[in-house]
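Asks: Please find target-v8.txt (compact mmCIF, C-alpha atoms) on the next line:
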# COMPACT_ATOMS: atom_id res chain seq x y z
CA MET A 1 0.00 0.00 0.00
CA SER A 2 1.13 3.59 -0.11
CA GLY A 3 3.86 4.53 2.38
CA GLN A 4 2.98 2.11 5.04
CA ASN A 5 4.34 3.84 8.05
CA GLN A 6 3.56 7.41 7.36
CA ARG A 7 2.66 9.80 10.08
CA LEU A 8 -0.09 12.37 10.32
CA ASN A 9 0.80 15.95 9.48
CA VAL A 10 0.57 17.88 12.72
CA VAL A 11 2.17 20.82 14.45
CA PRO A 12 4.66 19.34 16.92
CA THR A 13 3.46 20.92 20.13
CA VAL A 14 2.93 19.55 23.60
CA THR A 15 -0.85 19.77 23.26
CA MET A 16 -0.75 17.72 20.07
CA LEU A 17 1.33 15.14 21.90
CA GLY A 18 -1.41 14.80 24.49
CA VAL A 19 -4.06 14.55 21.80
CA MET A 20 -2.14 11.86 19.93
CA LYS A 21 -1.59 9.85 23.09
CA ALA A 22 -5.30 9.93 23.83
CA ARG A 23 -6.03 8.77 20.28
CA LEU A 24 -3.59 5.90 20.65
CA VAL A 25 -5.33 4.75 23.81
CA GLY A 26 -8.67 4.91 22.02
CA ALA A 27 -7.39 2.95 19.05
CA THR A 28 -5.93 0.25 21.27
CA ARG A 29 -9.12 -0.16 23.24
CA GLY A 30 -11.23 -0.19 20.08
CA HIS A 31 -8.99 -2.83 18.58
CA ALA A 32 -9.37 -5.14 21.59
CA LEU A 33 -13.16 -4.70 21.63
CA LEU A 34 -13.55 -5.36 17.93
CA LYS A 35 -11.42 -8.46 18.20
CA LYS A 36 -13.68 -9.77 20.93
CA LYS A 37 -16.74 -9.00 18.81
CA SER A 38 -15.24 -10.83 15.85
CA ASP A 39 -14.56 -13.88 18.01
CA ALA A 40 -18.10 -13.93 19.39
CA LEU A 41 -19.56 -13.63 15.89
CA THR A 42 -17.37 -16.44 14.60
CA VAL A 43 -18.59 -18.72 17.37
CA GLN A 44 -22.21 -17.99 16.46
CA PHE A 45 -21.38 -18.47 12.79
CA ARG A 46 -20.00 -21.93 13.29
CA GLN A 47 -22.99 -22.98 15.40
CA ILE A 48 -25.39 -21.82 12.70
CA LEU A 49 -23.38 -23.59 10.05
CA LYS A 50 -23.68 -26.89 11.88
CA LYS A 51 -27.40 -26.44 12.27
CA ILE A 52 -27.80 -25.60 8.61
CA VAL A 53 -26.06 -28.74 7.48
CA SER A 54 -28.19 -30.98 9.66
CA THR A 55 -31.41 -29.16 8.74
CA LYS A 56 -30.72 -29.45 5.04
CA GLU A 57 -30.29 -33.16 5.39
CA SER A 58 -33.56 -33.61 7.24
CA MET A 59 -35.23 -31.33 4.70
CA GLY A 60 -34.28 -33.76 1.96
CA ASP A 61 -36.00 -36.55 3.85
CA ILE A 62 -39.12 -34.59 4.61
CA MET A 63 -39.57 -33.51 1.02
CA LYS A 64 -39.33 -37.13 -0.02
CA THR A 65 -42.05 -38.07 2.45
CA SER A 66 -44.26 -35.25 1.23
CA SER A 67 -43.78 -36.30 -2.38
CA PHE A 68 -44.87 -39.80 -1.46
CA ALA A 69 -47.95 -38.46 0.25
CA LEU A 70 -48.77 -36.42 -2.84
CA THR A 71 -48.38 -39.41 -5.11
CA GLU A 72 -50.68 -41.37 -2.87
CA ALA A 73 -53.23 -38.60 -2.93
CA LYS A 74 -53.04 -38.34 -6.69
CA TYR A 75 -53.49 -42.04 -7.01
CA VAL A 76 -56.51 -42.09 -4.82
CA ALA A 77 -58.21 -38.87 -5.78
CA GLY A 78 -57.49 -38.96 -9.46
CA GLU A 79 -55.20 -36.98 -11.72
CA ASN A 80 -57.47 -33.92 -11.73
CA ILE A 81 -56.48 -33.04 -8.25
CA LYS A 82 -53.73 -30.82 -9.60
CA HIS A 83 -56.07 -28.64 -11.60
CA ILE A 84 -58.56 -28.36 -8.81
CA VAL A 85 -55.89 -27.24 -6.40
CA GLN A 86 -54.48 -24.75 -8.85
CA GLU A 87 -57.89 -23.28 -9.52
CA ASN A 88 -58.54 -22.91 -5.86
CA VAL A 89 -55.64 -20.61 -5.21
CA GLN A 90 -56.72 -17.28 -3.85
CA SER A 91 -54.90 -15.59 -1.07
CA ALA A 92 -52.21 -17.41 0.82
CA ALA A 93 -53.14 -18.93 4.11
CA LEU A 94 -49.60 -19.69 5.18
CA LYS A 95 -47.52 -16.59 5.56
CA VAL A 96 -44.28 -15.75 7.25
CA ARG A 97 -43.48 -13.07 9.73
CA SER A 98 -39.99 -11.64 9.93
CA ARG A 99 -38.50 -10.19 13.09
CA GLN A 100 -35.05 -8.95 14.01
CA GLU A 101 -33.01 -10.48 16.76
CA ASN A 102 -29.91 -8.88 18.21
CA VAL A 103 -27.08 -11.39 18.51
CA ALA A 104 -23.71 -10.13 19.71
CA GLY A 105 -24.50 -6.71 18.33
CA VAL A 106 -25.67 -7.87 14.91
CA LYS A 107 -29.30 -7.73 13.85
CA LEU A 108 -30.27 -11.15 12.56
CA PRO A 109 -33.61 -11.80 10.86
CA LYS A 110 -35.89 -14.54 12.11
CA PHE A 111 -38.81 -15.99 10.22
CA GLU A 112 -41.88 -17.55 11.73
CA TYR A 113 -44.77 -18.89 9.79
CA PHE A 114 -48.35 -18.40 10.79
CA ILE A 115 -51.73 -19.36 9.47
CA ASP A 116 -53.66 -16.38 8.22
CA GLY A 117 -57.04 -17.71 7.29
CA GLU A 118 -58.85 -20.70 5.97
CA THR A 119 -57.62 -22.44 2.87
CA LYS A 120 -60.16 -23.12 0.25
CA ASN A 121 -58.77 -26.59 -0.02
CA ASP A 122 -60.76 -27.88 2.86
CA LEU A 123 -63.37 -29.19 0.52
CA THR A 124 -60.95 -30.69 -1.95
CA GLY A 125 -61.24 -34.40 -2.32
CA LEU A 126 -64.70 -34.46 -0.92
CA ALA A 127 -65.59 -36.85 -3.69
CA ARG A 128 -62.83 -39.31 -3.06
CA GLY A 129 -59.47 -39.50 -1.42
CA GLY A 130 -60.23 -36.87 1.21
CA GLN A 131 -58.16 -38.58 3.84
CA GLN A 132 -55.12 -38.90 1.60
CA ILE A 133 -55.42 -35.28 0.66
CA GLN A 134 -55.53 -34.17 4.26
CA ALA A 135 -52.55 -36.36 5.03
CA CYS A 136 -50.71 -34.89 2.08
CA ARG A 137 -51.51 -31.40 3.19
CA ALA A 138 -50.30 -32.12 6.71
CA ALA A 139 -47.03 -33.48 5.31
CA TYR A 140 -46.53 -30.37 3.22
CA VAL A 141 -47.32 -28.06 6.11
CA LYS A 142 -44.70 -29.83 8.14
CA SER A 143 -42.17 -29.42 5.38
CA ILE A 144 -43.02 -25.72 5.17
CA GLU A 145 -42.28 -25.43 8.87
CA LEU A 146 -38.86 -26.92 8.35
CA LEU A 147 -38.25 -24.78 5.29
CA VAL A 148 -39.08 -21.59 7.16
CA GLU A 149 -36.64 -22.55 9.88
CA LEU A 150 -34.03 -23.28 7.25
CA ALA A 151 -34.66 -19.87 5.68
CA THR A 152 -34.04 -18.20 9.05
CA LEU A 153 -30.79 -20.07 9.45
CA GLN A 154 -29.67 -19.23 5.96
CA THR A 155 -30.36 -15.50 6.22
CA SER A 156 -28.66 -15.27 9.61
CA PHE A 157 -25.76 -17.16 8.12
CA LEU A 158 -25.37 -14.69 5.26
CA THR A 159 -25.80 -11.65 7.51
CA LEU A 160 -23.26 -12.99 10.01
CA ASP A 161 -20.83 -13.63 7.20
CA GLU A 162 -21.04 -9.99 6.12
CA ALA A 163 -20.75 -8.76 9.69
CA ILE A 164 -17.69 -10.89 10.35
CA LYS A 165 -16.00 -9.67 7.19
CA THR A 166 -16.65 -6.02 8.11
CA THR A 167 -15.43 -6.45 11.68
CA ASN A 168 -12.29 -8.23 10.57
CA ARG A 169 -11.63 -5.52 8.04
CA ARG A 170 -11.88 -2.90 10.79
CA VAL A 171 -9.62 -4.89 13.13
CA ASN A 172 -6.99 -5.19 10.45
CA ALA A 173 -7.25 -1.53 9.55
CA LEU A 174 -6.75 -0.47 13.14
CA GLU A 175 -3.88 -2.84 13.67
CA ASN A 176 -1.97 -2.21 10.46
CA VAL A 177 -2.73 1.37 9.51
CA VAL A 178 -4.16 3.52 12.26
CA LYS A 179 -2.03 2.46 15.20
CA PRO A 180 1.35 2.55 13.41
CA ARG A 181 0.51 5.94 11.99
CA ILE A 182 -0.35 7.38 15.38
CA GLU A 183 2.73 5.84 16.95
CA ASN A 184 4.91 7.36 14.26
CA THR A 185 3.29 10.74 14.80
CA ILE A 186 3.99 10.51 18.52
CA THR A 187 7.63 9.61 17.89
CA TYR A 188 7.93 12.49 15.45
CA ILE A 189 6.42 14.99 17.88
CA LYS A 190 8.68 13.81 20.69
CA GLY A 191 11.66 14.09 18.41
CA GLU A 192 10.77 17.61 17.37
CA LEU A 193 10.16 18.68 20.95
CA ASP A 194 13.51 17.26 21.99
CA GLU A 195 15.20 19.07 19.17
CA LEU A 196 13.55 22.36 20.11
CA GLU A 197 14.66 21.84 23.68
CA ARG A 198 18.18 21.13 22.53
CA GLU A 199 18.13 24.23 20.35
CA ASP A 200 16.99 26.30 23.29
CA PHE A 201 19.59 24.81 25.54
CA PHE A 202 22.29 25.42 22.98
CA ARG A 203 21.17 28.98 22.48
CA LEU A 204 21.13 29.56 26.20
CA LYS A 205 24.62 28.17 26.58
CA LYS A 206 25.88 30.27 23.70
CA ILE A 207 24.42 33.42 25.15
CA GLN A 208 25.88 32.63 28.54
CA GLY A 209 29.21 32.16 26.88
CA TYR A 210 28.94 35.53 25.16
CA LYS A 211 28.00 37.26 28.37
CA ARG A 212 30.82 35.66 30.21
CA ARG A 213 33.25 36.69 27.53
CA GLU A 214 31.94 40.24 27.65
CA VAL A 215 32.38 40.40 31.39
CA GLU A 216 35.90 38.97 31.10
CA LYS A 217 36.80 41.45 28.40
CA GLN A 218 35.59 44.32 30.49
CA ARG A 219 37.50 43.16 33.46
CA GLU A 220 40.65 42.78 31.35
CA ALA A 221 40.13 46.25 29.95
CA ALA A 222 39.67 47.73 33.39
CA LYS A 223 42.73 45.92 34.72
CA ALA A 224 44.85 47.09 31.78
CA TYR A 225 43.67 50.65 32.27
CA ALA A 226 44.46 50.53 35.99
CA GLU A 227 47.95 49.20 35.34
CA GLU A 228 48.57 51.94 32.80
CA GLN A 229 47.59 54.63 35.24
CA LEU A 230 49.78 53.14 37.94
CA ALA A 231 52.70 53.12 35.56
CA GLU A 232 52.06 56.82 34.69
CA ASP A 233 51.81 57.70 38.34
CA ILE A 234 55.12 56.14 39.18
CA ALA A 235 56.79 57.85 36.26
CA LEU A 236 55.37 61.26 37.22
CA LYS A 237 56.33 60.82 40.87
CA ARG A 238 59.90 60.26 39.92
CA VAL A 239 59.93 63.60 38.17
CA PHE A 240 57.80 65.61 40.56
CA PRO A 241 58.14 64.00 43.95
CA SER A 242 55.87 66.43 45.74
CA LEU A 243 53.13 66.35 43.26
CA GLN A 244 50.12 64.73 44.66
CA LEU A 245 48.50 62.53 42.25
CA MET A 246 45.03 63.03 41.32
CA THR A 247 44.96 61.53 37.96
CA CYS A 248 44.33 57.99 38.98
CA TYR A 249 42.37 56.55 41.74
CA PRO A 250 40.18 59.55 41.86
CA THR A 251 38.05 57.92 44.47
CA LEU A 252 41.00 57.11 46.68
CA HIS A 253 42.93 60.43 46.62
CA ARG A 254 40.89 63.35 47.70
CA LYS A 255 43.83 65.45 48.90
CA THR A 256 43.97 68.99 47.73
CA ARG A 257 46.92 70.31 45.79
CA THR A 258 49.51 72.02 47.98
CA MET B 1 -23.08 1.70 13.43
CA ALA B 2 -25.57 1.96 10.56
CA ASN B 3 -26.62 -1.33 9.06
CA ARG B 4 -25.94 -1.08 5.40
CA ALA B 5 -28.52 -3.64 4.31
CA GLN B 6 -31.67 -2.97 6.24
CA ILE B 7 -33.47 -6.18 7.05
CA ARG B 8 -37.15 -5.81 6.34
CA THR B 9 -39.35 -6.70 9.25
CA SER B 10 -42.84 -7.39 8.07
CA SER B 11 -45.74 -8.96 9.78
CA SER B 12 -46.95 -10.95 6.82
CA ALA B 13 -44.88 -11.99 3.87
CA LEU B 14 -45.36 -14.66 1.26
CA ILE B 15 -43.40 -17.69 0.23
CA ALA B 16 -42.64 -17.80 -3.49
CA MET B 17 -41.99 -21.02 -5.40
CA ILE B 18 -40.31 -21.98 -8.64
CA ALA B 19 -40.60 -25.73 -9.01
CA ASP B 20 -42.13 -28.55 -10.98
CA GLU B 21 -45.84 -29.13 -11.05
CA ASP B 22 -46.05 -31.81 -8.39
CA THR B 23 -44.10 -29.90 -5.81
CA ILE B 24 -46.12 -26.77 -6.47
CA THR B 25 -49.37 -28.67 -6.20
CA GLY B 26 -48.31 -30.02 -2.86
CA PHE B 27 -47.44 -26.60 -1.55
CA LEU B 28 -50.58 -25.05 -2.95
CA LEU B 29 -52.51 -27.72 -1.13
CA ALA B 30 -50.86 -26.60 2.06
CA GLY B 31 -51.99 -23.06 1.37
CA VAL B 32 -48.93 -21.21 0.30
CA GLY B 33 -50.25 -19.97 -3.02
CA ASN B 34 -51.40 -16.44 -3.49
CA VAL B 35 -53.07 -14.71 -6.41
CA ASP B 36 -53.54 -11.01 -6.12
CA LEU B 37 -55.92 -8.65 -7.84
CA ARG B 38 -53.75 -8.34 -10.89
CA ARG B 39 -53.66 -12.12 -11.32
CA LYS B 40 -50.03 -12.18 -10.29
CA THR B 41 -49.11 -15.38 -8.56
CA ASN B 42 -46.31 -16.10 -6.18
CA TYR B 43 -45.35 -19.34 -7.87
CA LEU B 44 -44.09 -20.49 -11.22
CA ILE B 45 -44.64 -23.99 -12.52
CA VAL B 46 -41.62 -25.19 -14.46
CA ASP B 47 -42.14 -27.94 -17.00
CA SER B 48 -40.38 -29.02 -20.14
CA LYS B 49 -41.83 -26.10 -22.10
CA THR B 50 -40.66 -23.34 -19.79
CA THR B 51 -37.80 -21.31 -21.19
CA VAL B 52 -34.79 -20.22 -19.19
CA LYS B 53 -35.78 -16.63 -19.81
CA GLN B 54 -39.14 -17.15 -18.14
CA ILE B 55 -37.45 -18.68 -15.13
CA GLU B 56 -34.95 -15.82 -14.96
CA ASP B 57 -37.71 -13.24 -15.14
CA ALA B 58 -39.73 -14.96 -12.47
CA PHE B 59 -36.69 -15.20 -10.21
CA LYS B 60 -35.85 -11.53 -10.67
CA GLU B 61 -39.45 -10.57 -10.03
CA PHE B 62 -39.75 -12.62 -6.89
CA THR B 63 -36.55 -11.29 -5.45
CA THR B 64 -37.51 -7.68 -6.04
CA ARG B 65 -41.04 -7.92 -4.74
CA GLU B 66 -41.42 -6.35 -1.34
CA ASP B 67 -43.86 -8.83 0.11
CA ILE B 68 -41.95 -12.03 -0.56
CA ALA B 69 -39.69 -13.27 2.22
CA ILE B 70 -38.70 -16.74 1.04
CA VAL B 71 -38.19 -18.15 -2.44
CA LEU B 72 -38.23 -21.93 -2.77
CA ILE B 73 -36.57 -23.16 -5.91
CA SER B 74 -36.06 -26.70 -7.10
CA GLN B 75 -32.46 -27.64 -7.37
CA TYR B 76 -32.57 -28.63 -11.01
CA VAL B 77 -34.26 -25.31 -11.85
CA ALA B 78 -31.61 -23.52 -9.84
CA ASN B 79 -28.97 -25.24 -11.91
CA MET B 80 -30.52 -23.68 -15.01
CA ILE B 81 -30.12 -20.17 -13.63
CA ARG B 82 -27.08 -20.97 -11.51
CA PHE B 83 -25.33 -17.69 -12.35
CA LEU B 84 -28.27 -15.62 -11.14
CA VAL B 85 -28.66 -17.62 -7.97
CA ASP B 86 -24.96 -17.47 -7.17
CA SER B 87 -24.67 -13.74 -7.72
CA TYR B 88 -27.64 -13.03 -5.47
CA ASN B 89 -26.41 -11.78 -2.16
CA LYS B 90 -29.27 -10.01 -0.38
CA PRO B 91 -30.36 -11.52 2.92
CA ILE B 92 -34.06 -11.09 2.17
CA PRO B 93 -35.76 -12.79 0.46
CA ALA B 94 -34.01 -16.01 1.41
CA ILE B 95 -33.38 -18.43 -1.44
CA LEU B 96 -33.82 -22.07 -0.51
CA GLU B 97 -33.00 -24.92 -2.84
CA ILE B 98 -35.34 -27.87 -2.43
CA PRO B 99 -35.07 -31.29 -3.98
CA SER B 100 -37.67 -32.53 -6.37
CA LYS B 101 -39.08 -35.96 -7.01
CA ASP B 102 -36.66 -36.89 -9.77
CA HIS B 103 -33.65 -34.99 -8.49
CA PRO B 104 -32.70 -35.77 -4.92
CA TYR B 105 -30.94 -33.15 -2.90
CA ASP B 106 -27.34 -32.59 -3.91
CA PRO B 107 -25.46 -30.44 -1.42
CA ALA B 108 -22.50 -29.98 -3.71
CA HIS B 109 -24.52 -27.65 -5.90
CA ASP B 110 -26.21 -25.64 -3.22
CA SER B 111 -25.20 -22.02 -3.70
CA VAL B 112 -25.00 -21.21 -0.01
CA LEU B 113 -23.11 -24.28 1.06
CA SER B 114 -20.66 -24.08 -1.80
CA ARG B 115 -19.77 -20.57 -0.73
CA VAL B 116 -18.42 -21.89 2.52
CA LYS B 117 -17.02 -25.13 1.29
CA TYR B 118 -13.64 -24.12 2.63
CA LEU B 119 -15.00 -24.18 6.15
CA PHE B 120 -15.90 -27.81 5.86
CA SER B 121 -13.71 -30.80 6.39
CA THR B 122 -13.47 -33.34 3.65
CA GLU B 123 -15.97 -35.75 5.16
CA SER B 124 -18.81 -33.30 5.50
CA VAL B 125 -21.95 -32.84 3.49
CA ALA B 126 -21.10 -29.92 1.27
CA SER B 127 -17.99 -31.34 -0.26
CA GLY B 128 -20.11 -34.01 -1.91
CA ARG B 129 -17.57 -36.69 -1.31
CA ARG B 130 -19.87 -38.83 0.74
Would it be possible to restate this file's structure as structure tokens?

Replies:
Amino acid sequence: MSGQNQRLNVVPTVTMLGVMKARLVGATRGHALLKKKSDALTVQFRQILKKIVSTKESMGDIMKTSSFALTEAKYVAGENIKHIVQENVQSAALKVRSRQENVAGVKLPKFEYFIDGETKNDLTGLARGGQQIQACRAAYVKSIELLVELATLQTSFLTLDEAIKTTNRRVNALENVVKPRIENTITYIKGELDELEREDFFRLKKIQGYKRREVEKQREAAKAYAEEQLAEDIALKRVFPSLQLMTCYPTLHRKTRT
Amino acid sequence: MANRAQIRTSSSALIAMIADEDTITGFLLAGVGNVDLRRKTNYLIVDSKTTVKQIEDAFKEFTTREDIAIVLISQYVANMIRFLVDSYNKPIPAILEIPSKDHPYDPAHDSVLSRVKYLFSTESVASGRR
């Protein structure tokens, strides 16, 4: 991917450092939580998978039984049963209701079937084969029950699959992109702050050095000047022994001239 | 977190069927068939004269209708429109493949199970090696 360990572009100040640290804590906590969520979802996923496999197998058997019942009914009640049934279709008596269940934070759909009214097929087979027809209908109702349950399992399965993929994507993103980036930003800010501190320190030391040198120079200058004056004094005294000196040490000699 | 695919919760939804005549008759007997005012049914009888296009259209219609929650489709019919069934990825309506009288259930072709074949061990149902 592009520049895998880049950092965010921020101003390297102390406040930003605090902000970045807080973000790192948030990212770490989020990562742990999402990982737990992904694990919980995977557990549910595997359970549903097992149930689906076993339900599909039993569905195969039930459909076979229902087909047998239908063949029996056709045999007894005559071939026209198909047309009669098809003519009798009006509004469905068996309908399904869908609800949402919350499992580990994911909304899973759940189907239940319910009977909505009377079928017009109650009178079918009144002429002959009524019992077979009722038996056949019971068999098919049972298979519908199983099929509705299977539909619930299948939809939850698909929804869970999506949810797991999304969660895993987020976990990976946090772990491989967000956290390294924030960590790099923190390192960068710390580095910049250290460098600023070092610059400051260096500047301070330099200025101290200058000041010290200035003071030294002044002291040297003063000392040199004092020595010069002393030398002049001594020279003058040799020539004019009575002359009181006033030229140097003005603060020390306050004698008046004689 | 917003759910991208909103799951429809309805209090009454139909079961659609695309299968051969016998299976459909059985289910109609149980009371699953519905004909509305515009003579639109929630089932399609597939026989030797039905074209693949008709089956495709019926499938697309059933999956886009708002009031259908489950679509039962015979496995041999599903094999005819396998590409449509495999590319369908909405949670509702749920597509269930059912066996028919002449074609017993074959888990190796089931679109849902084949999607997760990798999760199964070699002795399980979906790998079809039983």

Asks: What residues in chain B lie within 7 Å of chain A, counting all atoms listed in the file, written as an MDAnalysis selection string?

Replies: chainID B and resid 7 9:15 25:36 70 91 94 96 99 101 105

Asks: Name the residues in contact with Pro12 in chain A at a cut-off of 7 Å, using only C-alpha atoms, excluding same-chain residues fewer than 4 positions from it; report them as number ranges by chain.

Replies: A: 16, 189, 192-193

Asks: State, in Å with one decimal place, the distance from CA of Ile81 in chain B to CA of Lys40 in chain B.

Replies: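 Between CA of Ile81 in chain B and CA of Lys40 in chain B the gap works out to 21.7 Å.
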
Asks: Quick one: residues within 12 Å of Asp39 in chain A, all atoms listed in the file counted, chain neighbours fewer than 2 positions away excluded, as a PyMOL selection string?

Replies: chain A and resi 32-37+41-46+104+160+163-165+167-168+171

Asks: Please write the residues from the selection above to a file, keeping C-alpha atoms, as a compact mmCIF listing (two decimals), keeping the file's coordinate frame.

Replies:
# COMPACT_ATOMS: atom_id res chain seq x y z
CA ALA A 32 -9.37 -5.14 21.59
CA LEU A 33 -13.16 -4.70 21.63
CA LEU A 34 -13.55 -5.36 17.93
CA LYS A 35 -11.42 -8.46 18.20
CA LYS A 36 -13.68 -9.77 20.93
CA LYS A 37 -16.74 -9.00 18.81
CA LEU A 41 -19.56 -13.63 15.89
CA THR A 42 -17.37 -16.44 14.60
CA VAL A 43 -18.59 -18.72 17.37
CA GLN A 44 -22.21 -17.99 16.46
CA PHE A 45 -21.38 -18.47 12.79
CA ARG A 46 -20.00 -21.93 13.29
CA ALA A 104 -23.71 -10.13 19.71
CA LEU A 160 -23.26 -12.99 10.01
CA ALA A 163 -20.75 -8.76 9.69
CA ILE A 164 -17.69 -10.89 10.35
CA LYS A 165 -16.00 -9.67 7.19
CA THR A 167 -15.43 -6.45 11.68
CA ASN A 168 -12.29 -8.23 10.57
CA VAL A 171 -9.62 -4.89 13.13

Asks: What is the distance between CA of Asp20 in chain B and CA of Arg39 in chain B, in Å to one decimal?

Replies: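 So the two atoms, CA of Asp20 in chain B and CA of Arg39 in chain B, lie 20.1 Å apart.
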
Asks: Using all atoms listed in the file, which protein or nucleic acid residues come within 12 Å of Ala58 in chain B? Drop anything in the same chain fewer than 5 positions from it, and give the result as a PDB file with C-alpha atoms, in the coordinates of the input.

Replies:
ATOM      1  CA  ALA B  16     -42.640 -17.800  -3.490  1.00  0.00           C
ATOM      2  CA  MET B  17     -41.990 -21.020  -5.400  1.00  0.00           C
ATOM      3  CA  ILE B  18     -40.310 -21.980  -8.640  1.00  0.00           C
ATOM      4  CA  ALA B  19     -40.600 -25.730  -9.010  1.00  0.00           C
ATOM      5  CA  LYS B  40     -50.030 -12.180 -10.290  1.00  0.00           C
ATOM      6  CA  THR B  41     -49.110 -15.380  -8.560  1.00  0.00           C
ATOM      7  CA  ASN B  42     -46.310 -16.100  -6.180  1.00  0.00           C
ATOM      8  CA  TYR B  43     -45.350 -19.340  -7.870  1.00  0.00           C
ATOM      9  CA  LEU B  44     -44.090 -20.490 -11.220  1.00  0.00           C
ATOM     10  CA  ILE B  45     -44.640 -23.990 -12.520  1.00  0.00           C
ATOM     11  CA  VAL B  46     -41.620 -25.190 -14.460  1.00  0.00           C
ATOM     12  CA  THR B  50     -40.660 -23.340 -19.790  1.00  0.00           C
ATOM     13  CA  THR B  51     -37.800 -21.310 -21.190  1.00  0.00           C
ATOM     14  CA  VAL B  52     -34.790 -20.220 -19.190  1.00  0.00           C
ATOM     15  CA  LYS B  53     -35.780 -16.630 -19.810  1.00  0.00           C
ATOM     16  CA  THR B  63     -36.550 -11.290  -5.450  1.00  0.00           C
ATOM     17  CA  THR B  64     -37.510  -7.680  -6.040  1.00  0.00           C
ATOM     18  CA  ARG B  65     -41.040  -7.920  -4.740  1.00  0.00           C
ATOM     19  CA  VAL B  71     -38.190 -18.150  -2.440  1.00  0.00           C
ATOM     20  CA  ILE B  73     -36.570 -23.160  -5.910  1.00  0.00           C
ATOM     21  CA  VAL B  77     -34.260 -25.310 -11.850  1.00  0.00           C
ATOM     22  CA  ILE B  81     -30.120 -20.170 -13.630  1.00  0.00           C
ATOM     23  CA  LEU B  84     -28.270 -15.620 -11.140  1.00  0.00           C
TER      24      LEU B  84
END

Asks: Figure out the distance between CA of Ile24 in chain B and CA of His109 in chain B, please, to one decimal in Å.

Replies: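 Atom-to-atom, CA of His109 in chain B and CA of Ile24 in chain B are spaced 21.6 Å apart.
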
Asks: Could you tell me which of B:Asp22, B:Asp47, B:Glu61, B:Glu56 comes closest to Phe83 in chain B if we count all atoms listed in the file?

Replies: B:Glu56

Asks: For Ala173 in chain A, work out the shell of residues within 12 Å, counting only C-alpha atoms and skipping chain neighbours fewer than 5 positions away, then give it as a VMD selection string.

Replies: chain A and resid 4 27 to 28 30 to 31 34 to 35 166 to 168 178 to 181

Asks: Save out the residues we just selected, C-alpha atoms, as a short mmCIF file (atom, residue, chain, number, x, y, z; two decimals), in the frame of the given file.

Replies:
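Now in out_20.cif:
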data_model
loop_
_atom_site.label_atom_id
_atom_site.label_comp_id
_atom_site.auth_asym_id
_atom_site.auth_seq_id
_atom_site.Cartn_x
_atom_site.Cartn_y
_atom_site.Cartn_z
CA GLN A 4 2.98 2.11 5.04
CA ALA A 27 -7.39 2.95 19.05
CA THR A 28 -5.93 0.25 21.27
CA GLY A 30 -11.23 -0.19 20.08
CA HIS A 31 -8.99 -2.83 18.58
CA LEU A 34 -13.55 -5.36 17.93
CA LYS A 35 -11.42 -8.46 18.20
CA THR A 166 -16.65 -6.02 8.11
CA THR A 167 -15.43 -6.45 11.68
CA ASN A 168 -12.29 -8.23 10.57
CA VAL A 178 -4.16 3.52 12.26
CA LYS A 179 -2.03 2.46 15.20
CA PRO A 180 1.35 2.55 13.41
CA ARG A 181 0.51 5.94 11.99
#

Asks: Measuring atom to atom with all atoms listed in the file, identify which of B:Ile55, B:Ala108, B:Leu37, B:Ile68 is nearest to Ile95 in chain B.

Replies: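 Checking each of B:Ile55, B:Ala108, B:Leu37, B:Ile68 against Ile95 in chain B, counting all atoms listed in the file, the winner is B:Ile68.
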
Asks: Quick one: 5 Å padding each side, axis-aligned, all listed atoms of range 61-67 of chain B - centre and edge lengths in Å to one decimal, as lines of an AutoDock Vina configuration file?

Replies:
center_x = -40.2
center_y = -9.5
center_z = -5.0
size_x = 17.3
size_y = 16.3
size_z = 20.1
